[in-house]
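Visitor: Quick one: the structure is below, questions incoming.
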Amino acid sequence: MSTAHPAVLHHQFDTLEQQKESATLGMWLFLVQEILFFGGLFMAYMLYRWRDPQAFAAGSHELDITLGLVNTVILIASSLTMAMAVHSAQTDKNKALVRYLVATGILGLAFLVIKYFEYSAKWEHHLVPGPNFHFPELAIDGRAEIFFSLYFAMTGMHALHMVVGLVLLGWLLVPAARGRFNSQYHNPIECFGLYWHFVDIVWIFLFPLLYLIGRHYHGAV
Amino acid sequence: MSSEAMAAERPNYLNATTGLKSWLLTLDHKRIGILYLLGVSAFFVLGGIFAMLIRLELVTPAGDLVQPDAYNRLFTSHGVLMVFFFLIPAIPGVLGNFLIPIMIGTKDLAFPRLNLLSWYLFMAGGTMALGGIIAGGVDTGWTFYTPYSSTYTMTAVIPVGLGVFVNGFSGILTGLNFMVTIHRMRAPGMTWFRLPLFVWSHYATSLIQVLGTPVLAITLVLLVFERAFHIGVFDPTRGGDPVFFQHLFWFYSHPAVYIMILPSMAVISELIAAFARKRIFGYHAVAFASIGIAVLGFLVWGHHMFVSGQSVYAGTAFSLLTMLVAIPSAIKVFNWSFTLYQGSVSFQTPMLYALGFIGLFMIGGLTGVFLGTLGFDVHVHDTYFVVAHFHYVMVGGTIMGYLGGLHYWWPKITGKLYPEFWGKISALLVFVGFNLTFFPQFLLGYMGMPRRYHAYPEEWQVLNVLSSAGASILGLGFVLPVLYFAWSLKKGPLAGRNPWGARGLEWETDSPPPTLNFDEPPVMNHEVYPYADGEPGSTSGMKPASAH
């Protein structure tokens, strides 16, 4: 080969461009499988809400819409900082890259902390499915459990993806701080950005489906 | 010393580095293929032992070897190990890994580290499942139907379910890796329609793995959640819907059947071309048939639920859609047959497996059309007719293709020739043993013998004894290749680059190939399968290196 093999170019690729295209395509395919993964949960949601809309509305009424809204704003803000991080990497602004990555991480952590308080409130109110489950409205008691089963399964899976995202973020911060990324080589940042935006979009669907559907509900069954 | 003999002493992927660590941390797709070979073989042996115990119990009508509880564990363990840890990973993991980068003329898969991770996920998942089987077993059947699996059984559903979950990500990542590799890593001149059909079929397989497996993953997560944390998703006493579990499960697990059969079809296309000395007839049709099977495979899952409380309209739609899958499958079989027509056909071991595949797959496929027919399915539902049908597809299809491919590429993988005579004997034993094992099961099922019972009325004993006798012949047919493959590693003659006189980039590099596959980056400047008309077949058998 006439040109030298750059250090960031893995042995199986011929050019940096091929490496970048492969990484991006791989990330998109990974997100496709993520959509199918969450798709099973959304399918369950559709089926059971169609079967018992009242129980879902009543269950939704028990969620804390303020905390949900705050978390939605936090996640959208983190998507903005993430997009700025990618932009900084593409334009050789290394200090800005590190700053935006740290900001994204802090916002992600804030989301999880708020989620933790939401979960513990549910636990105190006996809204965690299982033997201790007890819904305030007796008429709905036996039927609302499935709403909370899905609430915990869906937001739990989403939170798990946030945790994975934060771990990856920490793992990327090291090379970012050492100035490894630049306009020539930044696909790890870009791929991580795709992942982060995807996890945000999942929440954008979860928030209305879980928190907002019951806003018009006033207790009548 | 001939040039090929010297080639064998050149550095290759096997002798480039040594030591256990160089294997366990390898990023070389060929070595990872070997790791898969060891892994899937181990699970195949275990699954086979469970199968032999089942057949042993069924020799007599009474339940004398095992009690019902143990029998439930036996067929569950057999199914789980064979489906998830042998049939699904076998051909993509071993042959796909080894061959796809070489066939498209590149140095490795797009993501070598991810590839190694896939193998570790496969082994971790297998170990978890095996741990569950040892710790108490599972008695739900490989389908884990709820609410029995999530609420009532006392057996080790959680470790086995999580094992299958973890293994699922091995398949997803392998499929993702293959797809990116095929899209982005092809050698100059290797256009989509110059790809060997092996690659096309693996692409279709990868499509299913990436799109289907995550649905199984989330289904198993919900099952484990329901069992461990008592959330209610599938258990009707907690507001769940057990039929919903079946929908989600089969949304993956029917396409999974095509994850098993498409790689086998991938192998068969290569074998037919090589041993008929002809370009595959209707190359484009066969390529698109693979994609067609992958796409249609997602639209037929409801045919597993004709008697599960699914509406009759859904049943009718699924029945019709199911029959559509027969079209691309038949396109393949017809085109392989046309390829043989006026070909220079020679009957070496891989070709015997390939021809066996065509016959057995036809029976398996056509009985699939029977079962897709609503009225007939209601009659034979959950009988041995179904068992025989899917074994014709999975064993007669997948394992025939796997063994055929393993024989065909063994000289490339190891650089050594196996004894052709014993190869042919094993191919015949497998074919005869297989038919003797499973054909009687069609008859038993048609007469009404239900699956998953350890005892049966006396009038069915003759057919059951025949089936068990066939299973022992089949077992012998599987043991033989282990023995002579092992022998060939030590004493087999050197293979040389192209012992079959076949076409394809994999035959233009050393056997075994160097670590980066080619000395010079290859350029594809001709069509695929460039066999000259009337080119003589290799009727004299494999040509060892010294015979050139």
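Naming works like this for the structure tokens: A, B, ... for the chains as they're shown, residue 1 at the start of each chain, ligands 1 onward in shown order.
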Just the residues within 7 Å of Thr213 in chain B, please, counting only C-alpha atoms, with nothing from its chain fewer than 6 positions along; format it as a PDB file with N, CA, C and O atoms, in the first residue's frame.
Guide:
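Contents of selection.pdb, as written:
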ATOM      1  N   GLY B 168     -29.020 -14.726  22.099  1.00  0.00           N
ATOM      2  CA  GLY B 168     -29.679 -13.978  21.038  1.00  0.00           C
ATOM      3  C   GLY B 168     -28.835 -12.805  20.565  1.00  0.00           C
ATOM      4  O   GLY B 168     -28.753 -12.524  19.371  1.00  0.00           O
ATOM      5  N   ILE B 172     -27.583 -11.537  16.900  1.00  0.00           N
ATOM      6  CA  ILE B 172     -27.844 -10.186  16.378  1.00  0.00           C
ATOM      7  C   ILE B 172     -26.535  -9.550  15.918  1.00  0.00           C
ATOM      8  O   ILE B 172     -26.447  -8.998  14.818  1.00  0.00           O
ATOM      9  N   TYR B 252     -40.521 -14.200  16.339  1.00  0.00           N
ATOM     10  CA  TYR B 252     -39.105 -14.525  16.131  1.00  0.00           C
ATOM     11  C   TYR B 252     -38.920 -15.960  15.683  1.00  0.00           C
ATOM     12  O   TYR B 252     -38.181 -16.247  14.752  1.00  0.00           O
TER      13      TYR B 252
END
Visitor: Quick one: residues within 10 Å of Tyr151 in chain A, only C-alpha atoms, excluding same-chain residues fewer than 2 positions away - as a PyMOL selection string?
Guide: chain A and resi 41+45+59-60+63+128-129+145-149+153-157+206+209-211
Visitor: Could you give me, as a CSV table (one decimal) with C-alpha atoms, in the first residue's frame, the residues within 9 Å of Ala89 in chain A, counting only C-alpha atoms and dropping anything in the same chain fewer than 4 positions from it?
Guide:
chain,number,residue,atom,x,y,z
A,84,MET,CA,-23.1,20.0,19.9
A,85,ALA,CA,-20.5,17.5,21.1
A,93,LYS,CA,-12.9,22.0,18.9
A,94,ASN,CA,-11.6,19.5,21.4
A,96,ALA,CA,-15.9,22.1,23.6
A,97,LEU,CA,-16.2,18.4,22.8
A,176,ALA,CA,-11.8,12.8,24.1
A,181,PHE,CA,-10.9,12.9,18.1
A,182,ASN,CA,-10.7,15.5,15.3
A,183,SER,CA,-12.3,16.3,12.0
A,185,TYR,CA,-11.5,10.7,13.0
A,186,HIS,CA,-14.6,11.0,15.2
A,189,ILE,CA,-18.5,10.1,19.0
A,190,GLU,CA,-20.9,10.2,16.1
Visitor: Pick out each residue of range 81-195 of chain A that DSSP on the backbone tags as helix (DSSP H, G or I); I need them as an NGL selection string.
Guide: :A and (81-90 or 94-124 or 138-177 or 187-195)
Visitor: Quick one: residues within 10 Å of Val98 in chain A, only C-alpha atoms counted, chain neighbours fewer than 6 positions away excluded, as a list of chain:residue names?
Guide: A:Ala85, A:Ser88, A:Ala89, A:Thr104, A:Leu172, A:Leu173, A:Val174, A:Pro175, A:Ala176, A:Ala177, A:Arg178, A:Gly179
Visitor: Selection from above, all heavy atoms, as a PDB file, in the first residue's frame, can you write it?
Guide:
ATOM      1  N   ALA A  85     -21.727  18.212  20.887  1.00  0.00           N
ATOM      2  CA  ALA A  85     -20.484  17.462  21.065  1.00  0.00           C
ATOM      3  C   ALA A  85     -20.022  16.904  19.723  1.00  0.00           C
ATOM      4  O   ALA A  85     -18.837  16.997  19.361  1.00  0.00           O
ATOM      5  CB  ALA A  85     -20.692  16.333  22.080  1.00  0.00           C
ATOM      6  N   SER A  88     -18.691  19.645  17.645  1.00  0.00           N
ATOM      7  CA  SER A  88     -17.372  20.086  18.109  1.00  0.00           C
ATOM      8  C   SER A  88     -16.287  19.141  17.629  1.00  0.00           C
ATOM      9  O   SER A  88     -15.198  19.583  17.225  1.00  0.00           O
ATOM     10  CB  SER A  88     -17.330  20.165  19.637  1.00  0.00           C
ATOM     11  OG  SER A  88     -18.407  20.930  20.108  1.00  0.00           O
ATOM     12  N   ALA A  89     -16.573  17.841  17.662  1.00  0.00           N
ATOM     13  CA  ALA A  89     -15.578  16.873  17.205  1.00  0.00           C
ATOM     14  C   ALA A  89     -15.310  17.070  15.711  1.00  0.00           C
ATOM     15  O   ALA A  89     -14.161  17.025  15.267  1.00  0.00           O
ATOM     16  CB  ALA A  89     -16.059  15.448  17.476  1.00  0.00           C
ATOM     17  N   THR A 104     -23.655  16.415  28.719  1.00  0.00           N
ATOM     18  CA  THR A 104     -24.583  15.340  28.376  1.00  0.00           C
ATOM     19  C   THR A 104     -24.653  14.320  29.496  1.00  0.00           C
ATOM     20  O   THR A 104     -25.742  13.866  29.882  1.00  0.00           O
ATOM     21  CB  THR A 104     -24.134  14.653  27.067  1.00  0.00           C
ATOM     22  OG1 THR A 104     -23.941  15.653  26.073  1.00  0.00           O
ATOM     23  CG2 THR A 104     -25.150  13.641  26.594  1.00  0.00           C
ATOM     24  N   LEU A 172     -15.799   7.077  26.564  1.00  0.00           N
ATOM     25  CA  LEU A 172     -15.371   7.931  25.458  1.00  0.00           C
ATOM     26  C   LEU A 172     -14.681   9.199  25.947  1.00  0.00           C
ATOM     27  O   LEU A 172     -13.908   9.814  25.214  1.00  0.00           O
ATOM     28  CB  LEU A 172     -16.586   8.342  24.605  1.00  0.00           C
ATOM     29  CG  LEU A 172     -17.101   7.316  23.607  1.00  0.00           C
ATOM     30  CD1 LEU A 172     -18.350   7.847  22.937  1.00  0.00           C
ATOM     31  CD2 LEU A 172     -16.035   7.002  22.568  1.00  0.00           C
ATOM     32  N   LEU A 173     -14.970   9.561  27.209  1.00  0.00           N
ATOM     33  CA  LEU A 173     -14.408  10.812  27.726  1.00  0.00           C
ATOM     34  C   LEU A 173     -12.882  10.746  27.788  1.00  0.00           C
ATOM     35  O   LEU A 173     -12.213  11.756  27.575  1.00  0.00           O
ATOM     36  CB  LEU A 173     -14.971  11.097  29.125  1.00  0.00           C
ATOM     37  CG  LEU A 173     -16.123  12.090  29.187  1.00  0.00           C
ATOM     38  CD1 LEU A 173     -16.655  12.184  30.590  1.00  0.00           C
ATOM     39  CD2 LEU A 173     -15.673  13.463  28.681  1.00  0.00           C
ATOM     40  N   VAL A 174     -12.343   9.557  28.067  1.00  0.00           N
ATOM     41  CA  VAL A 174     -10.890   9.438  28.229  1.00  0.00           C
ATOM     42  C   VAL A 174     -10.169   9.814  26.929  1.00  0.00           C
ATOM     43  O   VAL A 174      -9.357  10.755  26.913  1.00  0.00           O
ATOM     44  CB  VAL A 174     -10.514   8.021  28.706  1.00  0.00           C
ATOM     45  CG1 VAL A 174      -9.015   7.911  28.872  1.00  0.00           C
ATOM     46  CG2 VAL A 174     -11.254   7.693  29.998  1.00  0.00           C
ATOM     47  N   PRO A 175     -10.481   9.111  25.803  1.00  0.00           N
ATOM     48  CA  PRO A 175      -9.811   9.529  24.561  1.00  0.00           C
ATOM     49  C   PRO A 175     -10.175  10.949  24.146  1.00  0.00           C
ATOM     50  O   PRO A 175      -9.347  11.635  23.549  1.00  0.00           O
ATOM     51  CB  PRO A 175     -10.291   8.504  23.527  1.00  0.00           C
ATOM     52  CG  PRO A 175     -11.480   7.854  24.110  1.00  0.00           C
ATOM     53  CD  PRO A 175     -11.340   7.935  25.591  1.00  0.00           C
ATOM     54  N   ALA A 176     -11.401  11.391  24.492  1.00  0.00           N
ATOM     55  CA  ALA A 176     -11.773  12.764  24.125  1.00  0.00           C
ATOM     56  C   ALA A 176     -10.884  13.760  24.858  1.00  0.00           C
ATOM     57  O   ALA A 176     -10.383  14.719  24.265  1.00  0.00           O
ATOM     58  CB  ALA A 176     -13.242  13.005  24.453  1.00  0.00           C
ATOM     59  N   ALA A 177     -10.666  13.516  26.164  1.00  0.00           N
ATOM     60  CA  ALA A 177      -9.830  14.421  26.938  1.00  0.00           C
ATOM     61  C   ALA A 177      -8.390  14.407  26.436  1.00  0.00           C
ATOM     62  O   ALA A 177      -7.666  15.397  26.549  1.00  0.00           O
ATOM     63  CB  ALA A 177      -9.876  14.032  28.416  1.00  0.00           C
ATOM     64  N   ARG A 178      -7.969  13.257  25.885  1.00  0.00           N
ATOM     65  CA  ARG A 178      -6.603  13.185  25.364  1.00  0.00           C
ATOM     66  C   ARG A 178      -6.498  13.729  23.941  1.00  0.00           C
ATOM     67  O   ARG A 178      -5.448  13.599  23.310  1.00  0.00           O
ATOM     68  CB  ARG A 178      -6.119  11.741  25.370  1.00  0.00           C
ATOM     69  CG  ARG A 178      -5.840  11.236  26.774  1.00  0.00           C
ATOM     70  CD  ARG A 178      -5.314   9.823  26.744  1.00  0.00           C
ATOM     71  NE  ARG A 178      -5.194   9.315  28.105  1.00  0.00           N
ATOM     72  CZ  ARG A 178      -5.192   8.031  28.403  1.00  0.00           C
ATOM     73  NH1 ARG A 178      -5.300   7.135  27.436  1.00  0.00           N
ATOM     74  NH2 ARG A 178      -5.083   7.641  29.647  1.00  0.00           N
ATOM     75  N   GLY A 179      -7.586  14.248  23.415  1.00  0.00           N
ATOM     76  CA  GLY A 179      -7.534  14.861  22.094  1.00  0.00           C
ATOM     77  C   GLY A 179      -7.464  13.872  20.941  1.00  0.00           C
ATOM     78  O   GLY A 179      -6.910  14.169  19.883  1.00  0.00           O
TER      79      GLY A 179
END
Visitor: Which residues of chain B come within 6 Å of chain A, and for each one, what is the closest pair of atoms and their distance in Å to one decimal, counting only C-alpha atoms, sorted by chain and residue number, as JSON lines?
Guide:
{"residue": "B:Lys107", "atom": "CA", "partner": "A:Gln12", "partner_atom": "CA", "distance": 5.4}
{"residue": "B:Asp108", "atom": "CA", "partner": "A:Gln12", "partner_atom": "CA", "distance": 5.4}
{"residue": "B:Val180", "atom": "CA", "partner": "A:Gly26", "partner_atom": "CA", "distance": 6.0}
{"residue": "B:Val210", "atom": "CA", "partner": "A:Gln33", "partner_atom": "CA", "distance": 5.5}
{"residue": "B:Leu211", "atom": "CA", "partner": "A:Gln33", "partner_atom": "CA", "distance": 5.7}
{"residue": "B:Pro214", "atom": "CA", "partner": "A:Phe37", "partner_atom": "CA", "distance": 4.6}
{"residue": "B:Val215", "atom": "CA", "partner": "A:Phe37", "partner_atom": "CA", "distance": 5.2}
{"residue": "B:Ile218", "atom": "CA", "partner": "A:Phe37", "partner_atom": "CA", "distance": 5.7}
{"residue": "B:His230", "atom": "CA", "partner": "A:Gly130", "partner_atom": "CA", "distance": 4.9}
{"residue": "B:Ile231", "atom": "CA", "partner": "A:Ser149", "partner_atom": "CA", "distance": 5.1}
{"residue": "B:Gly232", "atom": "CA", "partner": "A:Ile146", "partner_atom": "CA", "distance": 5.6}
Visitor: Create the file for the chosen residues now, containing N, CA, C and O atoms and written as a PDB file, in the first residue's frame.
Guide:
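out.pdb was written with the following content:
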ATOM      1  N   LYS B 107     -10.076  -8.646   4.199  1.00  0.00           N
ATOM      2  CA  LYS B 107      -9.150  -9.187   5.195  1.00  0.00           C
ATOM      3  C   LYS B 107      -9.859  -9.759   6.411  1.00  0.00           C
ATOM      4  O   LYS B 107      -9.355 -10.655   7.060  1.00  0.00           O
ATOM      5  N   ASP B 108     -10.998  -9.218   6.730  1.00  0.00           N
ATOM      6  CA  ASP B 108     -11.701  -9.692   7.928  1.00  0.00           C
ATOM      7  C   ASP B 108     -13.121  -9.156   7.875  1.00  0.00           C
ATOM      8  O   ASP B 108     -13.479  -8.426   6.954  1.00  0.00           O
ATOM      9  N   VAL B 180     -22.874  -5.445   7.494  1.00  0.00           N
ATOM     10  CA  VAL B 180     -21.968  -4.321   7.249  1.00  0.00           C
ATOM     11  C   VAL B 180     -20.795  -4.785   6.379  1.00  0.00           C
ATOM     12  O   VAL B 180     -20.383  -4.089   5.444  1.00  0.00           O
ATOM     13  N   VAL B 210     -31.130  -9.753  12.685  1.00  0.00           N
ATOM     14  CA  VAL B 210     -31.161  -8.391  13.211  1.00  0.00           C
ATOM     15  C   VAL B 210     -32.600  -7.953  13.503  1.00  0.00           C
ATOM     16  O   VAL B 210     -32.857  -7.262  14.477  1.00  0.00           O
ATOM     17  N   LEU B 211     -33.533  -8.377  12.658  1.00  0.00           N
ATOM     18  CA  LEU B 211     -34.911  -7.900  12.833  1.00  0.00           C
ATOM     19  C   LEU B 211     -35.737  -8.791  13.757  1.00  0.00           C
ATOM     20  O   LEU B 211     -36.674  -8.320  14.390  1.00  0.00           O
ATOM     21  N   PRO B 214     -34.295  -9.512  18.357  1.00  0.00           N
ATOM     22  CA  PRO B 214     -34.631  -8.619  19.481  1.00  0.00           C
ATOM     23  C   PRO B 214     -36.044  -8.825  20.012  1.00  0.00           C
ATOM     24  O   PRO B 214     -36.286  -8.582  21.194  1.00  0.00           O
ATOM     25  N   VAL B 215     -36.962  -9.275  19.152  1.00  0.00           N
ATOM     26  CA  VAL B 215     -38.329  -9.498  19.645  1.00  0.00           C
ATOM     27  C   VAL B 215     -38.344 -10.683  20.602  1.00  0.00           C
ATOM     28  O   VAL B 215     -39.017 -10.658  21.638  1.00  0.00           O
ATOM     29  N   ILE B 218     -36.863  -9.378  23.994  1.00  0.00           N
ATOM     30  CA  ILE B 218     -37.768  -8.658  24.905  1.00  0.00           C
ATOM     31  C   ILE B 218     -38.830  -9.607  25.447  1.00  0.00           C
ATOM     32  O   ILE B 218     -39.259  -9.484  26.601  1.00  0.00           O
ATOM     33  N   HIS B 230     -42.940 -10.915  39.436  1.00  0.00           N
ATOM     34  CA  HIS B 230     -44.397 -11.007  39.489  1.00  0.00           C
ATOM     35  C   HIS B 230     -45.101  -9.847  38.803  1.00  0.00           C
ATOM     36  O   HIS B 230     -46.166  -9.424  39.241  1.00  0.00           O
ATOM     37  N   ILE B 231     -44.483  -9.282  37.784  1.00  0.00           N
ATOM     38  CA  ILE B 231     -45.266  -8.340  36.999  1.00  0.00           C
ATOM     39  C   ILE B 231     -46.189  -9.163  36.116  1.00  0.00           C
ATOM     40  O   ILE B 231     -45.931 -10.341  35.846  1.00  0.00           O
ATOM     41  N   GLY B 232     -47.295  -8.598  35.709  1.00  0.00           N
ATOM     42  CA  GLY B 232     -48.245  -9.387  34.928  1.00  0.00           C
ATOM     43  C   GLY B 232     -48.255  -8.960  33.476  1.00  0.00           C
ATOM     44  O   GLY B 232     -48.709  -7.872  33.158  1.00  0.00           O
TER      45      GLY B 232
END
Visitor: Could you please determine the separation between CA of Ala469 in chain B and CA of Glu57 in chain B in Å, to one decimal place?
Guide: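 Computing the Euclidean distance for CA of Ala469 in chain B and CA of Glu57 in chain B yields 12.3 Å.
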Visitor: Excluding range 29-39 of chain B and its own-chain neighbours fewer than 5 positions away, which residues fall within 9 Å of it when counting only C-alpha atoms? Please give them as a PyMOL selection string.
Guide: chain B and resi 13-14+23-24+44+85-86+89-90+92-99+101+107-109+112+115-116+119+122-123+126+413+513+515
Visitor: Using only C-alpha atoms, which residue out of B:Gly309, B:Gly401, B:Gly396, B:Gly105 lies closest to Ala354 in chain B?
Guide: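 Of B:Gly309, B:Gly401, B:Gly396, B:Gly105, the one nearest Ala354 in chain B, counting only C-alpha atoms, is B:Gly401.
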Visitor: Would you mind reading off the distance between CA of Gly448 in chain B and CA of His389 in chain B, one decimal, in Å?
Guide: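 Distance between the two atoms: 14.5 Å.
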